Amino acid sequence: MDPTLVSLLDSIAQKPPRSKLETHRELIRQLRRKGCTYRDIVRILHERVGLDVAVSTIHSFIKVRAKHRKQVQYELPPLGPQSPVTAGMNPEDVASRIAALKAKPVEHKAKPKHFHFEESEPLKLVGQGGSR
């Protein structure tokens with residue numbers, strides 16, 4: 001970089017942070033990692049630090065700073081004990097049970113008709129008993 005530009009940058013004083021929460025950024029970060037809610041953080045800042053802020057201020061402060069961070073990959077929960085239905089069964093038995101369920105015929109119930117139509121007559125509403 002040009003030496004005159006470097007000297008220009010050195011001569012400009014750094015501005016103080018715009019947010020009053022900036023000095024407590026690491027505290028807020030650690031509290032969130034420990035599972036504290038925004039309301040908990042507001043209460044801790046009020047009681048321990050003497051700083052009065054709104055819950056929405058904490059939310060906005062965190063949201064703005066987290067906007068440009070890489071999204072964390074979601075992980076599946078660890079495998080727990082097997083379900084009681086498949087406990088003690090080998091995979092072939094489970095597969096055969098699934099195949100049997102898929103082969104089972106599906107019963108389709110007829111939907112009740114609400115209207116009766118004939119070309120030569122106007123559309124008629126069918127009553128509760130199914131009569132015309």
# chains A, B, ... in the order shown; residues from 1 in each chain; ligands from 1
call {"tool": "residues_around", "arguments": {"residues": "Ile28 in chain A", "least_positions_apart": "6", "cutoff": "10 Å", "atoms": "only C-alpha atoms", "output": "short mmCIF file (atom, residue, chain, number, x, y, z; two decimals) with N, CA and C atoms, in the first residue's frame"}}
result
data_model
loop_
_atom_site.label_atom_id
_atom_site.label_comp_id
_atom_site.auth_asym_id
_atom_site.auth_seq_id
_atom_site.Cartn_x
_atom_site.Cartn_y
_atom_site.Cartn_z
N LEU A 21 -23.49 -3.13 24.14
CA LEU A 21 -23.30 -4.54 24.44
C LEU A 21 -21.97 -5.08 23.90
N GLU A 22 -21.33 -4.33 23.03
CA GLU A 22 -20.10 -4.82 22.39
C GLU A 22 -19.03 -5.19 23.41
N LYS A 34 -24.23 -21.71 27.18
CA LYS A 34 -24.65 -22.45 28.37
C LYS A 34 -26.17 -22.63 28.40
N CYS A 36 -28.58 -20.14 28.22
CA CYS A 36 -29.38 -19.05 28.79
C CYS A 36 -30.27 -18.44 27.72
N TYR A 38 -32.66 -15.24 26.21
CA TYR A 38 -32.44 -13.80 26.12
C TYR A 38 -32.89 -13.11 27.40
N ILE A 41 -30.27 -13.53 30.02
CA ILE A 41 -29.13 -12.65 29.76
C ILE A 41 -29.45 -11.22 30.19
N VAL A 42 -30.67 -10.75 29.91
CA VAL A 42 -31.08 -9.40 30.31
C VAL A 42 -31.03 -9.29 31.83
N ILE A 44 -29.23 -11.12 33.98
CA ILE A 44 -27.84 -11.17 34.45
C ILE A 44 -27.13 -9.84 34.19
N LEU A 45 -27.33 -9.27 33.02
CA LEU A 45 -26.71 -7.97 32.73
C LEU A 45 -27.21 -6.88 33.67
N ILE A 58 -30.98 -7.68 22.87
CA ILE A 58 -30.09 -8.85 22.92
C ILE A 58 -30.28 -9.68 21.66
N PHE A 61 -28.70 -7.91 18.70
CA PHE A 61 -27.25 -7.93 18.84
C PHE A 61 -26.68 -9.27 18.38
N ILE A 62 -27.31 -10.34 18.81
CA ILE A 62 -26.83 -11.68 18.44
C ILE A 62 -27.12 -11.95 16.97
#
call {"tool": "atom_distance", "arguments": {"atom1": "CA of Asp52 in chain A", "atom2": "CA of Asp40 in chain A"}}
result
12.6 Å
call {"tool": "atom_distance", "arguments": {"atom1": "CA of Ser56 in chain A", "atom2": "CA of Lys15 in chain A"}}
result
24.8 Å
call {"tool": "atom_distance", "arguments": {"atom1": "CA of Val53 in chain A", "atom2": "CA of Glu26 in chain A"}}
result
16.4 Å
call {"tool": "closest_residue", "arguments": {"among": "A:Lys124, A:Glu92, A:Gly50, A:Arg29", "to": "Lys63 in chain A", "atoms": "only C-alpha atoms"}}
result
A:Arg29
